[in-house]
There are 2 protein chains.
Amino acid sequence: MTTAESATSAFRAAADVSEPNAHAPPGIAADLVAVLVAVTAGEPRVLTLQDARALPSGAFELAHRSLQSGLRAWVEQQTHHPLGYVEQLYTFADRDRGLGPEQRVISISYLGLTRERAPGPGDRTSWQDWYLYLPWEDHRVGVPPMIDAIILPNLRAFAEGAPTAALRQDRSNRIAVTFGTDGRPWNEELVLQRYELLYEAGLIAEARRGKPEASPAPVQGRCMSLDHRRILATGIARLRAKIKYHPVVFELMPDTFTLLQLQRCVEALAGRLVHKQNFRRLVEQQELVEETGLSSQETGGRPAKLFRFRREVLFERAIVGTKLPISRS
Amino acid sequence: MTTAESATSAFRAAADVSEPNAHAPPGIAADLVAVLVAVTAGEPRVLTLQDARALPSGAFELAHRSLQSGLRAWVEQQTHHPLGYVEQLYTFADRDRGLGPEQRVISISYLGLTRERAPGPGDRTSWQDWYLYLPWEDHRVGVPPMIDAIILPNLRAFAEGAPTAALRQDRSNRIAVTFGTDGRPWNEELVLQRYELLYEAGLIAEARRGKPEASPAPVQGRCMSLDHRRILATGIARLRAKIKYHPVVFELMPDTFTLLQLQRCVEALAGRLVHKQNFRRLVEQQELVEETGLSSQETGGRPAKLFRFRREVLFERAIVGTKLPISRS
DNA sequence: CCCAATAATGCTCAGAGGGAGTATAACGCG
DNA sequence: CGCGTTATACTCCCTCTGAGCATTATTGGG
């Protein structure tokens, strides 16, 4: 009711906004949060603070020219990492994010891609394997045993416990789609959907905060403060989707690299293995790389050619993906 | 400098946020903006206010459970439209959005899909063809003449006028990619990139506000207040991308429809024509629809079967798009 | 020096999917 | 009845893609 009443008066033409509330609503503040990703030695890593329990974040201020420039300035100054690629993820402002009921923070989250560097002295940041937080997402060495041993039984119990038959069916469907059961394929992009399903089922430690009643034992995976683990899941999901139609992987690679290194990087992000020969074919036929003439002896076998990213492709074409039968004539 | 200094202190672990600034920064407020889309009689329409110069928007309030629920409550109460599908678009907070330098509004924009209904009495909303605002985006009846007659000459002059050779090249590339010149295909998804290029080139009327110096004549297309036209472009871009891998078109369709109506709807959104037979094949082989047994006499020719959306597909599979050569074994 | 292990690299093949066109069916209207 | 109009059914061909086989180039150990 209160919501509805206030909504009526609040809903107005945007032109009125040109004189915004001089009386800003009390308790609303804006925050920037960064999911900063690197891939080192074939492992996906994310920059953390506070004993690996939080993502970098800072207040948005009037001095900042834009959200993105504020974030970029902060991160680069704090970490001395070149932020090649920055992309807005999502804006969160739910109640029950771990704050008190009277306080409200709007968090604008960003995904950033970089290359890992050793932290400077006195630096309280650290890089962490992101599967530390979401261990069920790594399918590179097969389906993690915890899925069959812990997650699915608990989720099925959660589905059974639904009050109505429709809800039971709905939950069962979500389990099947997100975790790829009943003959369905595993879809690595559904990171957020999986996290939210686990959260609803009470299997994520964050969901049990302030709810002291009995609930199923939480699934493994390190906890983060506030809803940062959810933001991390959002970032991983976005990145896993993005690498399929935009050459952003190269932001994570050194200047020169072998095709296997590139493949390992993609696999680290996607959390699953790719077919080696076809991967090479894809990369080469799209002309994403060019030879440097050098080769690497690092490997245990035949030396591999070193390649370099062809930055020109960013101009040559934009996106490829097409699903509509568009007429060319 | 000021930015950098304030950044250092502001950049902090998120855990500290659990006690957010009780002293919210002055002048920052949060706003919700909706790009509400319908397709009527084969034309794409967007809900506007203020003499068709603004999108619906309203302040985000503490009473709202989440950003999305706040938006949903407002729109449904204001317009009496069922908001089937709602999706967050982007959060804007740039300076120079048309506000004074001391005032800052964070705008969280949303895309909503609905079916058009007659506005109630006293309703100040109205539905407008979205190509009224972005006329260069409609390629259903061929390339709009204004592109060759007005846009490209002006853009080329803009590219020529760049201070450095690198920037000239960069601008030329952007023109070619976004407008599909030099043998490149037209990519209907680059709505935002095109708008921003035109904006930078001073061809959008909004870009000339408060800059009284001489600049090229603005391109046609109706103006909106603040940066609402940019938000509209963002919404169209998102929708054009989304219809290719997620069955959201059906949110815009009546309960039953012919395949041609569905096709016209897609074409309205994409701004280009699709191949009729292949479109049917796509829709049917993906099992997106089922027959109702009825047929429609409305058409000038043979009656068409009426179909209905199979909502089950939303559970059967999630996303299809795959570009990585993923091993199944 | 030969051999096994390890990678890199080259090539083939079959099936699916997508772009495009042809052919036929069912209506209204003059 | 013939014509225009739209619906619907097939066909063809080429590219893309998943998958596997074969060959080449190293290193390290007997």
# chains A, B, ... in the order shown; residues from 1 in each chain; ligands from 1
$ residues_around --residues "Tyr85 (chain A)" --least-positions-apart "6" --cutoff "7 Å" --atoms "only C-alpha atoms (C1' of nucleotides)" --output "list of chain:residue names"
A:Gly112, A:Leu113, A:Glu251
$ write_last_selection --atoms "N, CA and C atoms" --output "short mmCIF file (atom, residue, chain, number, x, y, z; two decimals), in the first residue's frame"
data_model
loop_
_atom_site.label_atom_id
_atom_site.label_comp_id
_atom_site.auth_asym_id
_atom_site.auth_seq_id
_atom_site.Cartn_x
_atom_site.Cartn_y
_atom_site.Cartn_z
N GLY A 112 36.03 -6.08 -14.90
CA GLY A 112 37.28 -5.57 -15.47
C GLY A 112 38.22 -6.71 -15.78
N LEU A 113 38.91 -6.59 -16.89
CA LEU A 113 39.86 -7.63 -17.29
C LEU A 113 41.26 -7.06 -17.26
N GLU A 251 42.49 -9.62 -23.59
CA GLU A 251 42.79 -8.66 -22.53
C GLU A 251 43.47 -9.36 -21.36
#
$ interface_residues --of "chain A" --to "chain C" --cutoff "6 Å" --atoms "only C-alpha atoms (C1' of nucleotides)" --output "list in words"
Gly300, Gly301 and Arg302 of chain A
$ interface_residues --of "chain D" --to "chain A" --cutoff "12 Å" --atoms "only C-alpha atoms (C1' of nucleotides)" --output "list in words"
DC16, DT17, DG18, DA19, DG20, DC21, DT24, DA25, DT26, DT27 and DG28 of chain D
$ select_by_dssp --residues "region 96-262 of chain B" --states "strand (DSSP E or B)" --output "ChimeraX atom specification"
/B:104-113,126-129,140,142,256-257
$ residues_around --residues "region 79-81 of chain A" --least-positions-apart "3" --cutoff "7 Å" --atoms "only C-alpha atoms (C1' of nucleotides)" --output "list of chain:residue names"
A:Val75, A:Glu76, A:Thr114
$ residues_around --residues "Phe307 (chain B)" --least-positions-apart "4" --cutoff "7 Å" --atoms "only C-alpha atoms (C1' of nucleotides)" --output "PyMOL selection string"
chain B and resi 256-258+289-292
$ residues_around --residues "Ala30 (chain B)" --least-positions-apart "3" --cutoff "9 Å" --atoms "only C-alpha atoms (C1' of nucleotides)" --output "MDAnalysis selection string"
(chainID A and resid 24:25 28:30 106) or (chainID B and resid 58:61 104:108)
$ write_last_selection --atoms "N, CA and C atoms" --output "short mmCIF file (atom, residue, chain, number, x, y, z; two decimals), in the first residue's frame"
data_model
loop_
_atom_site.label_atom_id
_atom_site.label_comp_id
_atom_site.auth_asym_id
_atom_site.auth_seq_id
_atom_site.Cartn_x
_atom_site.Cartn_y
_atom_site.Cartn_z
N ALA A 24 17.63 14.84 -1.13
CA ALA A 24 17.92 13.46 -1.51
C ALA A 24 17.37 12.52 -0.45
N PRO A 25 16.78 11.41 -0.86
CA PRO A 25 16.21 10.49 0.10
C PRO A 25 17.27 10.06 1.11
N ILE A 28 20.24 6.70 1.10
CA ILE A 28 20.60 6.13 -0.19
C ILE A 28 21.99 6.63 -0.58
N ALA A 29 22.87 5.69 -0.84
CA ALA A 29 24.21 6.04 -1.29
C ALA A 29 24.57 5.15 -2.47
N ALA A 30 25.53 5.60 -3.24
CA ALA A 30 25.92 4.85 -4.43
C ALA A 30 27.34 4.33 -4.28
N ILE A 106 23.02 1.60 -3.27
CA ILE A 106 22.92 1.15 -4.65
C ILE A 106 24.32 0.78 -5.10
N GLY B 58 10.88 7.61 -12.44
CA GLY B 58 10.46 7.97 -11.09
C GLY B 58 11.58 7.69 -10.12
N ALA B 59 11.48 8.30 -8.96
CA ALA B 59 12.56 8.16 -7.99
C ALA B 59 12.54 6.78 -7.34
N PHE B 60 13.71 6.27 -7.09
CA PHE B 60 13.86 5.05 -6.32
C PHE B 60 13.74 5.41 -4.85
N GLU B 61 12.93 4.65 -4.14
CA GLU B 61 12.67 4.99 -2.74
C GLU B 61 12.99 3.84 -1.81
N ARG B 104 23.37 15.56 -9.32
CA ARG B 104 23.75 14.31 -9.95
C ARG B 104 22.65 13.30 -9.73
N VAL B 105 22.15 12.74 -10.81
CA VAL B 105 21.15 11.70 -10.70
C VAL B 105 21.71 10.42 -11.31
N ILE B 106 21.63 9.38 -10.56
CA ILE B 106 21.96 8.06 -11.09
C ILE B 106 20.68 7.48 -11.66
N SER B 107 20.70 7.18 -12.93
CA SER B 107 19.51 6.63 -13.57
C SER B 107 19.71 5.17 -13.87
N ILE B 108 18.87 4.35 -13.29
CA ILE B 108 18.91 2.91 -13.57
C ILE B 108 17.79 2.64 -14.57
#
$ atom_distance --atom1 "CA of Gln77 (chain A)" --atom2 "CA of Val46 (chain A)"
17.3 Å
$ select_by_dssp --residues "region 31-173 of chain B" --states "helix (DSSP H, G or I)" --output "VMD selection string"
chain B and resid 67 to 79 130 to 132 135 to 137 145 to 160 165 to 173
$ write_last_selection --atoms "N, CA and C atoms" --output "CSV table (one decimal), in the first residue's frame"
chain,number,residue,atom,x,y,z
B,67,LEU,N,15.1,-2.7,-7.0
B,67,LEU,CA,14.9,-1.7,-8.1
B,67,LEU,C,13.8,-2.2,-9.1
B,68,GLN,N,13.9,-3.5,-9.4
B,68,GLN,CA,13.0,-4.0,-10.3
B,68,GLN,C,11.5,-4.0,-9.8
B,69,SER,N,11.4,-4.3,-8.5
B,69,SER,CA,10.0,-4.4,-8.0
B,69,SER,C,9.4,-2.9,-7.9
B,70,GLY,N,10.3,-2.0,-7.7
B,70,GLY,CA,9.8,-0.6,-7.7
B,70,GLY,C,9.4,-0.2,-9.0
B,71,LEU,N,10.2,-0.5,-10.0
B,71,LEU,CA,9.8,-0.1,-11.4
B,71,LEU,C,8.5,-0.8,-11.8
B,72,ARG,N,8.4,-2.1,-11.5
B,72,ARG,CA,7.3,-2.9,-11.9
B,72,ARG,C,6.0,-2.3,-11.3
B,73,ALA,N,6.1,-2.0,-10.0
B,73,ALA,CA,4.9,-1.4,-9.3
B,73,ALA,C,4.4,-0.1,-10.0
B,74,TRP,N,5.4,0.7,-10.2
B,74,TRP,CA,5.0,2.0,-10.9
B,74,TRP,C,4.4,1.8,-12.2
B,75,VAL,N,5.1,1.1,-13.1
B,75,VAL,CA,4.6,1.0,-14.4
B,75,VAL,C,3.3,0.4,-14.5
B,76,GLU,N,3.1,-0.7,-13.7
B,76,GLU,CA,1.8,-1.4,-13.8
B,76,GLU,C,0.7,-0.5,-13.3
B,77,GLN,N,1.0,0.2,-12.2
B,77,GLN,CA,-0.1,1.0,-11.7
B,77,GLN,C,-0.4,2.2,-12.6
B,78,GLN,N,0.6,2.7,-13.2
B,78,GLN,CA,0.4,3.9,-14.0
B,78,GLN,C,-0.2,3.6,-15.3
B,79,THR,N,0.2,2.5,-15.9
B,79,THR,CA,-0.3,2.2,-17.3
B,79,THR,C,-1.3,1.1,-17.4
B,130,TRP,N,9.0,4.0,-32.4
B,130,TRP,CA,10.3,4.4,-31.9
B,130,TRP,C,11.2,4.9,-33.0
B,131,TYR,N,10.9,4.6,-34.3
B,131,TYR,CA,11.7,5.1,-35.4
B,131,TYR,C,11.5,6.6,-35.6
B,132,LEU,N,10.5,7.1,-34.9
B,132,LEU,CA,10.4,8.6,-34.9
B,132,LEU,C,11.6,9.2,-34.3
B,135,PRO,N,15.2,7.5,-36.8
B,135,PRO,CA,14.7,7.1,-38.1
B,135,PRO,C,15.7,6.3,-39.0
B,136,TRP,N,17.0,6.5,-38.7
B,136,TRP,CA,18.0,5.8,-39.5
B,136,TRP,C,18.1,4.3,-39.2
B,137,GLU,N,17.3,3.9,-38.2
B,137,GLU,CA,17.4,2.5,-37.7
B,137,GLU,C,16.4,1.6,-38.5
B,145,PRO,N,16.9,6.9,-47.0
B,145,PRO,CA,17.7,7.8,-47.8
B,145,PRO,C,18.5,8.8,-47.0
B,146,MET,N,18.0,9.1,-45.8
B,146,MET,CA,18.8,10.1,-45.0
B,146,MET,C,20.2,9.7,-44.7
B,147,ILE,N,20.4,8.4,-44.7
B,147,ILE,CA,21.7,7.9,-44.4
B,147,ILE,C,22.7,8.4,-45.4
B,148,ASP,N,22.4,8.1,-46.7
B,148,ASP,CA,23.3,8.6,-47.7
B,148,ASP,C,23.3,10.1,-47.9
B,149,ALA,N,22.1,10.6,-47.8
B,149,ALA,CA,22.0,12.1,-48.1
B,149,ALA,C,22.5,13.0,-47.0
B,150,ILE,N,22.3,12.6,-45.8
B,150,ILE,CA,22.7,13.5,-44.7
B,150,ILE,C,23.7,12.9,-43.7
B,151,ILE,N,23.5,11.7,-43.2
B,151,ILE,CA,24.3,11.2,-42.2
B,151,ILE,C,25.7,10.9,-42.6
B,152,LEU,N,25.9,10.2,-43.7
B,152,LEU,CA,27.3,9.8,-44.1
B,152,LEU,C,28.1,11.0,-44.5
B,153,PRO,N,27.6,11.9,-45.3
B,153,PRO,CA,28.4,13.1,-45.6
B,153,PRO,C,28.9,13.8,-44.3
B,154,ASN,N,28.0,14.0,-43.4
B,154,ASN,CA,28.3,14.7,-42.2
B,154,ASN,C,29.3,13.9,-41.3
B,155,LEU,N,29.1,12.6,-41.3
B,155,LEU,CA,30.0,11.8,-40.5
B,155,LEU,C,31.4,11.8,-41.1
B,156,ARG,N,31.5,11.8,-42.4
B,156,ARG,CA,32.8,11.8,-43.1
B,156,ARG,C,33.5,13.1,-42.8
B,157,ALA,N,32.7,14.2,-42.8
B,157,ALA,CA,33.3,15.5,-42.5
B,157,ALA,C,33.8,15.5,-41.0
B,158,PHE,N,33.1,14.8,-40.2
B,158,PHE,CA,33.5,14.7,-38.8
B,158,PHE,C,34.8,13.9,-38.7
B,159,ALA,N,34.9,12.8,-39.5
B,159,ALA,CA,36.1,12.0,-39.4
B,159,ALA,C,37.3,12.9,-40.0
B,160,GLU,N,37.1,13.6,-41.1
B,160,GLU,CA,38.1,14.4,-41.6
B,160,GLU,C,38.6,15.4,-40.7
B,165,ALA,N,45.9,11.7,-37.3
B,165,ALA,CA,45.6,10.7,-38.3
B,165,ALA,C,45.0,9.5,-37.6
B,166,ALA,N,45.5,9.1,-36.5
B,166,ALA,CA,45.0,7.9,-35.8
B,166,ALA,C,43.5,8.1,-35.5
B,167,LEU,N,43.2,9.3,-35.0
B,167,LEU,CA,41.8,9.5,-34.7
B,167,LEU,C,40.9,9.5,-35.9
B,168,ARG,N,41.5,10.1,-37.0
B,168,ARG,CA,40.7,10.0,-38.3
B,168,ARG,C,40.5,8.6,-38.7
B,169,GLN,N,41.5,7.8,-38.6
B,169,GLN,CA,41.3,6.3,-39.0
B,169,GLN,C,40.3,5.7,-38.1
B,170,ASP,N,40.4,6.0,-36.8
B,170,ASP,CA,39.5,5.4,-35.8
B,170,ASP,C,38.0,5.8,-36.1
B,171,ARG,N,37.8,7.0,-36.4
B,171,ARG,CA,36.4,7.5,-36.7
B,171,ARG,C,36.0,6.9,-38.0
B,172,SER,N,36.8,6.8,-39.0
B,172,SER,CA,36.4,6.2,-40.3
B,172,SER,C,36.0,4.7,-40.0
B,173,ASN,N,36.8,4.0,-39.2
B,173,ASN,CA,36.5,2.6,-38.9
B,173,ASN,C,35.1,2.5,-38.3
$ residues_around --residues "region 221-233 of chain B" --least-positions-apart "6" --cutoff "9 Å" --atoms "only C-alpha atoms (C1' of nucleotides)" --output "ChimeraX atom specification"
/A:14-15,17-18 /B:33-35,46,52-55,89-90,92,97-99,109-111,130-136,191-196,204-206
$ write_last_selection --atoms "N, CA and C atoms" --output "tab-separated table (two decimals), in the first residue's frame"
chain	number	residue	atom	x	y	z
A	14	ALA	N	10.13	12.45	-17.00
A	14	ALA	CA	11.55	12.64	-16.72
A	14	ALA	C	11.94	14.11	-16.79
A	15	ALA	N	11.19	14.89	-17.54
A	15	ALA	CA	11.54	16.30	-17.66
A	15	ALA	C	11.57	16.95	-16.28
A	17	VAL	N	12.68	15.79	-13.80
A	17	VAL	CA	13.91	15.41	-13.10
A	17	VAL	C	14.95	16.51	-13.22
A	18	SER	N	14.81	17.34	-14.22
A	18	SER	CA	15.84	18.36	-14.38
A	18	SER	C	15.97	19.23	-13.14
B	33	VAL	N	14.21	4.56	-14.83
B	33	VAL	CA	13.71	4.95	-16.14
B	33	VAL	C	13.32	3.70	-16.89
B	34	ALA	N	12.18	3.75	-17.57
B	34	ALA	CA	11.68	2.56	-18.26
B	34	ALA	C	11.60	2.79	-19.76
B	35	VAL	N	12.13	1.87	-20.51
B	35	VAL	CA	11.87	1.79	-21.95
B	35	VAL	C	10.82	0.71	-22.11
B	46	VAL	N	6.97	2.81	-28.26
B	46	VAL	CA	7.55	3.01	-26.94
B	46	VAL	C	6.66	3.98	-26.17
B	52	ALA	N	5.48	13.34	-25.58
B	52	ALA	CA	6.32	12.40	-26.33
B	52	ALA	C	7.80	12.76	-26.28
B	53	ARG	N	8.19	13.51	-25.25
B	53	ARG	CA	9.59	13.91	-25.20
B	53	ARG	C	10.36	13.23	-24.07
B	54	ALA	N	9.72	12.35	-23.33
B	54	ALA	CA	10.42	11.72	-22.22
B	54	ALA	C	9.94	10.30	-22.00
B	55	LEU	N	10.79	9.52	-21.40
B	55	LEU	CA	10.41	8.18	-20.99
B	55	LEU	C	9.85	8.23	-19.58
B	89	LEU	N	18.68	-2.52	-17.90
B	89	LEU	CA	19.45	-2.15	-19.08
B	89	LEU	C	20.84	-1.64	-18.72
B	90	TYR	N	20.88	-0.52	-18.07
B	90	TYR	CA	22.15	0.13	-17.84
B	90	TYR	C	21.95	1.22	-16.80
B	92	PHE	N	23.19	4.94	-15.71
B	92	PHE	CA	23.86	6.14	-16.21
B	92	PHE	C	24.08	7.12	-15.06
B	97	ARG	N	24.50	15.34	-18.45
B	97	ARG	CA	23.32	14.64	-18.94
B	97	ARG	C	22.18	15.63	-19.09
B	98	GLY	N	22.47	16.87	-18.90
B	98	GLY	CA	21.43	17.87	-19.04
B	98	GLY	C	21.07	18.50	-17.71
B	99	LEU	N	21.77	18.06	-16.67
B	99	LEU	CA	21.53	18.62	-15.34
B	99	LEU	C	22.61	19.64	-15.01
B	109	SER	N	18.18	2.21	-15.76
B	109	SER	CA	17.18	2.07	-16.81
B	109	SER	C	16.80	0.61	-16.99
B	110	TYR	N	15.55	0.42	-17.38
B	110	TYR	CA	14.99	-0.91	-17.56
B	110	TYR	C	14.30	-1.01	-18.90
B	111	LEU	N	14.31	-2.22	-19.41
B	111	LEU	CA	13.54	-2.54	-20.61
B	111	LEU	C	12.33	-3.35	-20.19
B	130	TRP	N	8.99	4.02	-32.40
B	130	TRP	CA	10.33	4.37	-31.94
B	130	TRP	C	11.24	4.86	-33.05
B	131	TYR	N	10.88	4.58	-34.30
B	131	TYR	CA	11.69	5.11	-35.39
B	131	TYR	C	11.47	6.60	-35.60
B	132	LEU	N	10.51	7.14	-34.89
B	132	LEU	CA	10.36	8.59	-34.87
B	132	LEU	C	11.60	9.24	-34.25
B	133	TYR	N	12.18	8.56	-33.31
B	133	TYR	CA	13.34	9.12	-32.60
B	133	TYR	C	14.65	8.71	-33.25
B	134	LEU	N	14.65	7.53	-33.86
B	134	LEU	CA	15.87	7.01	-34.48
B	134	LEU	C	15.55	6.55	-35.90
B	135	PRO	N	15.23	7.50	-36.78
B	135	PRO	CA	14.72	7.11	-38.11
B	135	PRO	C	15.72	6.34	-38.96
B	136	TRP	N	17.00	6.50	-38.68
B	136	TRP	CA	17.99	5.78	-39.50
B	136	TRP	C	18.07	4.29	-39.15
B	191	VAL	N	22.79	-0.22	-32.47
B	191	VAL	CA	21.97	0.98	-32.30
B	191	VAL	C	22.68	2.01	-31.43
B	192	LEU	N	23.20	1.57	-30.31
B	192	LEU	CA	23.83	2.50	-29.38
B	192	LEU	C	25.11	3.08	-29.97
B	193	GLN	N	25.90	2.23	-30.60
B	193	GLN	CA	27.14	2.73	-31.20
B	193	GLN	C	26.85	3.78	-32.27
B	194	ARG	N	25.80	3.56	-33.04
B	194	ARG	CA	25.45	4.56	-34.06
B	194	ARG	C	25.02	5.86	-33.39
B	195	TYR	N	24.18	5.73	-32.37
B	195	TYR	CA	23.70	6.94	-31.70
B	195	TYR	C	24.87	7.72	-31.11
B	196	GLU	N	25.80	7.01	-30.49
B	196	GLU	CA	26.91	7.71	-29.84
B	196	GLU	C	27.85	8.33	-30.86
B	204	ILE	N	23.31	15.02	-33.29
B	204	ILE	CA	22.13	14.79	-32.48
B	204	ILE	C	21.81	16.10	-31.76
B	205	ALA	N	20.56	16.49	-31.84
B	205	ALA	CA	20.19	17.79	-31.27
B	205	ALA	C	20.57	17.89	-29.80
B	206	GLU	N	20.45	16.77	-29.06
B	206	GLU	CA	20.76	16.80	-27.64
B	206	GLU	C	22.21	17.21	-27.39
$ residues_around --residues "Leu262 (chain A)" --least-positions-apart "6" --cutoff "12 Å" --atoms "only C-alpha atoms (C1' of nucleotides)" --output "mmCIF file with N, CA and C atoms, in the first residue's frame"
data_model
loop_
_atom_site.group_PDB
_atom_site.id
_atom_site.type_symbol
_atom_site.label_atom_id
_atom_site.label_comp_id
_atom_site.auth_asym_id
_atom_site.auth_seq_id
_atom_site.Cartn_x
_atom_site.Cartn_y
_atom_site.Cartn_z
ATOM 1 N N VAL A 39 43.813 -14.144 -15.525
ATOM 2 C CA VAL A 39 44.051 -15.585 -15.614
ATOM 3 C C VAL A 39 45.552 -15.799 -15.552
ATOM 4 N N THR A 40 45.990 -16.511 -14.544
ATOM 5 C CA THR A 40 47.418 -16.725 -14.324
ATOM 6 C C THR A 40 47.683 -18.216 -14.245
ATOM 7 N N ALA A 41 48.635 -18.662 -15.025
ATOM 8 C CA ALA A 41 48.997 -20.083 -15.026
ATOM 9 C C ALA A 41 47.770 -20.952 -15.243
ATOM 10 N N GLY A 42 46.912 -20.507 -16.130
ATOM 11 C CA GLY A 42 45.753 -21.307 -16.473
ATOM 12 C C GLY A 42 44.672 -21.361 -15.418
ATOM 13 N N GLU A 43 44.751 -20.479 -14.428
ATOM 14 C CA GLU A 43 43.700 -20.448 -13.408
ATOM 15 C C GLU A 43 43.023 -19.089 -13.393
ATOM 16 N N ILE A 243 32.941 -14.202 -24.087
ATOM 17 C CA ILE A 243 34.064 -14.741 -24.858
ATOM 18 C C ILE A 243 33.611 -15.490 -26.097
ATOM 19 N N PRO A 247 36.112 -10.874 -28.901
ATOM 20 C CA PRO A 247 37.461 -11.317 -28.546
ATOM 21 C C PRO A 247 38.019 -10.609 -27.313
ATOM 22 N N VAL A 248 37.410 -10.840 -26.178
ATOM 23 C CA VAL A 248 37.888 -10.183 -24.954
ATOM 24 C C VAL A 248 38.950 -10.997 -24.219
ATOM 25 N N VAL A 249 39.090 -12.267 -24.569
ATOM 26 C CA VAL A 249 40.083 -13.107 -23.879
ATOM 27 C C VAL A 249 41.462 -12.481 -23.945
ATOM 28 N N PHE A 250 41.725 -11.786 -25.031
ATOM 29 C CA PHE A 250 43.078 -11.283 -25.243
ATOM 30 C C PHE A 250 43.462 -10.208 -24.234
ATOM 31 N N GLU A 251 42.485 -9.618 -23.591
ATOM 32 C CA GLU A 251 42.789 -8.664 -22.533
ATOM 33 C C GLU A 251 43.466 -9.356 -21.362
ATOM 34 N N LEU A 252 43.291 -10.663 -21.292
ATOM 35 C CA LEU A 252 43.835 -11.426 -20.171
ATOM 36 C C LEU A 252 45.164 -12.081 -20.521
ATOM 37 N N MET A 253 45.555 -12.005 -21.787
ATOM 38 C CA MET A 253 46.755 -12.713 -22.235
ATOM 39 C C MET A 253 47.952 -11.767 -22.268
ATOM 40 N N PRO A 254 49.162 -12.333 -22.147
ATOM 41 C CA PRO A 254 50.350 -11.509 -22.378
ATOM 42 C C PRO A 254 50.448 -11.142 -23.860
ATOM 43 N N ASP A 255 51.425 -10.308 -24.182
ATOM 44 C CA ASP A 255 51.527 -9.821 -25.557
ATOM 45 C C ASP A 255 51.674 -10.959 -26.554
ATOM 46 N N THR A 256 52.520 -11.913 -26.230
ATOM 47 C CA THR A 256 52.636 -13.070 -27.103
ATOM 48 C C THR A 256 52.305 -14.319 -26.298
ATOM 49 N N ALA A 268 39.800 -21.976 -18.597
ATOM 50 C CA ALA A 268 39.729 -21.525 -17.210
ATOM 51 C C ALA A 268 38.468 -20.698 -16.992
ATOM 52 N N LEU A 269 38.159 -19.832 -17.942
ATOM 53 C CA LEU A 269 36.985 -18.981 -17.809
ATOM 54 C C LEU A 269 35.702 -19.802 -17.951
ATOM 55 N N VAL A 274 37.827 -27.507 -24.169
ATOM 56 C CA VAL A 274 37.424 -27.341 -25.565
ATOM 57 C C VAL A 274 38.264 -28.277 -26.430
ATOM 58 N N LYS A 276 40.788 -29.214 -28.957
ATOM 59 C CA LYS A 276 41.989 -28.468 -29.309
ATOM 60 C C LYS A 276 42.059 -28.078 -30.784
ATOM 61 N N PHE A 279 39.456 -25.624 -31.790
ATOM 62 C CA PHE A 279 39.722 -24.316 -31.211
ATOM 63 C C PHE A 279 40.731 -23.547 -32.059
ATOM 64 N N ARG A 280 41.792 -24.239 -32.470
ATOM 65 C CA ARG A 280 42.791 -23.596 -33.328
ATOM 66 C C ARG A 280 42.154 -23.151 -34.632
ATOM 67 N N VAL A 283 40.106 -19.975 -34.055
ATOM 68 C CA VAL A 283 40.929 -18.788 -33.830
ATOM 69 C C VAL A 283 41.587 -18.332 -35.125
ATOM 70 N N LEU A 288 42.053 -13.941 -35.691
ATOM 71 C CA LEU A 288 42.190 -13.192 -34.446
ATOM 72 C C LEU A 288 43.654 -12.988 -34.064
ATOM 73 N N VAL A 289 44.528 -13.842 -34.582
ATOM 74 C CA VAL A 289 45.938 -13.765 -34.178
ATOM 75 C C VAL A 289 46.838 -13.751 -35.407
ATOM 76 N N ALA A 304 55.995 -24.588 -29.647
ATOM 77 C CA ALA A 304 54.775 -23.972 -30.171
ATOM 78 C C ALA A 304 55.070 -22.583 -30.706
ATOM 79 N N LEU A 306 54.619 -18.740 -31.299
ATOM 80 C CA LEU A 306 54.073 -17.660 -30.479
ATOM 81 C C LEU A 306 53.241 -16.738 -31.351
ATOM 82 N N PHE A 307 52.079 -16.406 -30.859
ATOM 83 C CA PHE A 307 51.181 -15.547 -31.604
ATOM 84 C C PHE A 307 50.968 -14.235 -30.868
ATOM 85 N N ARG A 308 50.366 -13.324 -31.591
ATOM 86 C CA ARG A 308 50.022 -12.028 -31.012
ATOM 87 C C ARG A 308 48.613 -11.682 -31.481
ATOM 88 N N PHE A 309 47.868 -11.006 -30.656
ATOM 89 C CA PHE A 309 46.496 -10.619 -30.988
ATOM 90 C C PHE A 309 46.497 -9.574 -32.093
#
$ atom_distance --atom1 "CA of Lys305 (chain B)" --atom2 "C1' of DA9 (chain D)"
14.4 Å
$ closest_residue --among "A:Arg208, A:Arg264, A:Arg281, A:Arg45" --to "chain B" --atoms "only C-alpha atoms"
A:Arg281
$ atom_distance --atom1 "CA of Phe315 (chain B)" --atom2 "CA of Ala241 (chain A)"
19.6 Å
$ closest_residue --among "A:Val219, A:Ile175, A:Val141, A:Leu49" --to "chain B" --atoms "only C-alpha atoms"
A:Leu49
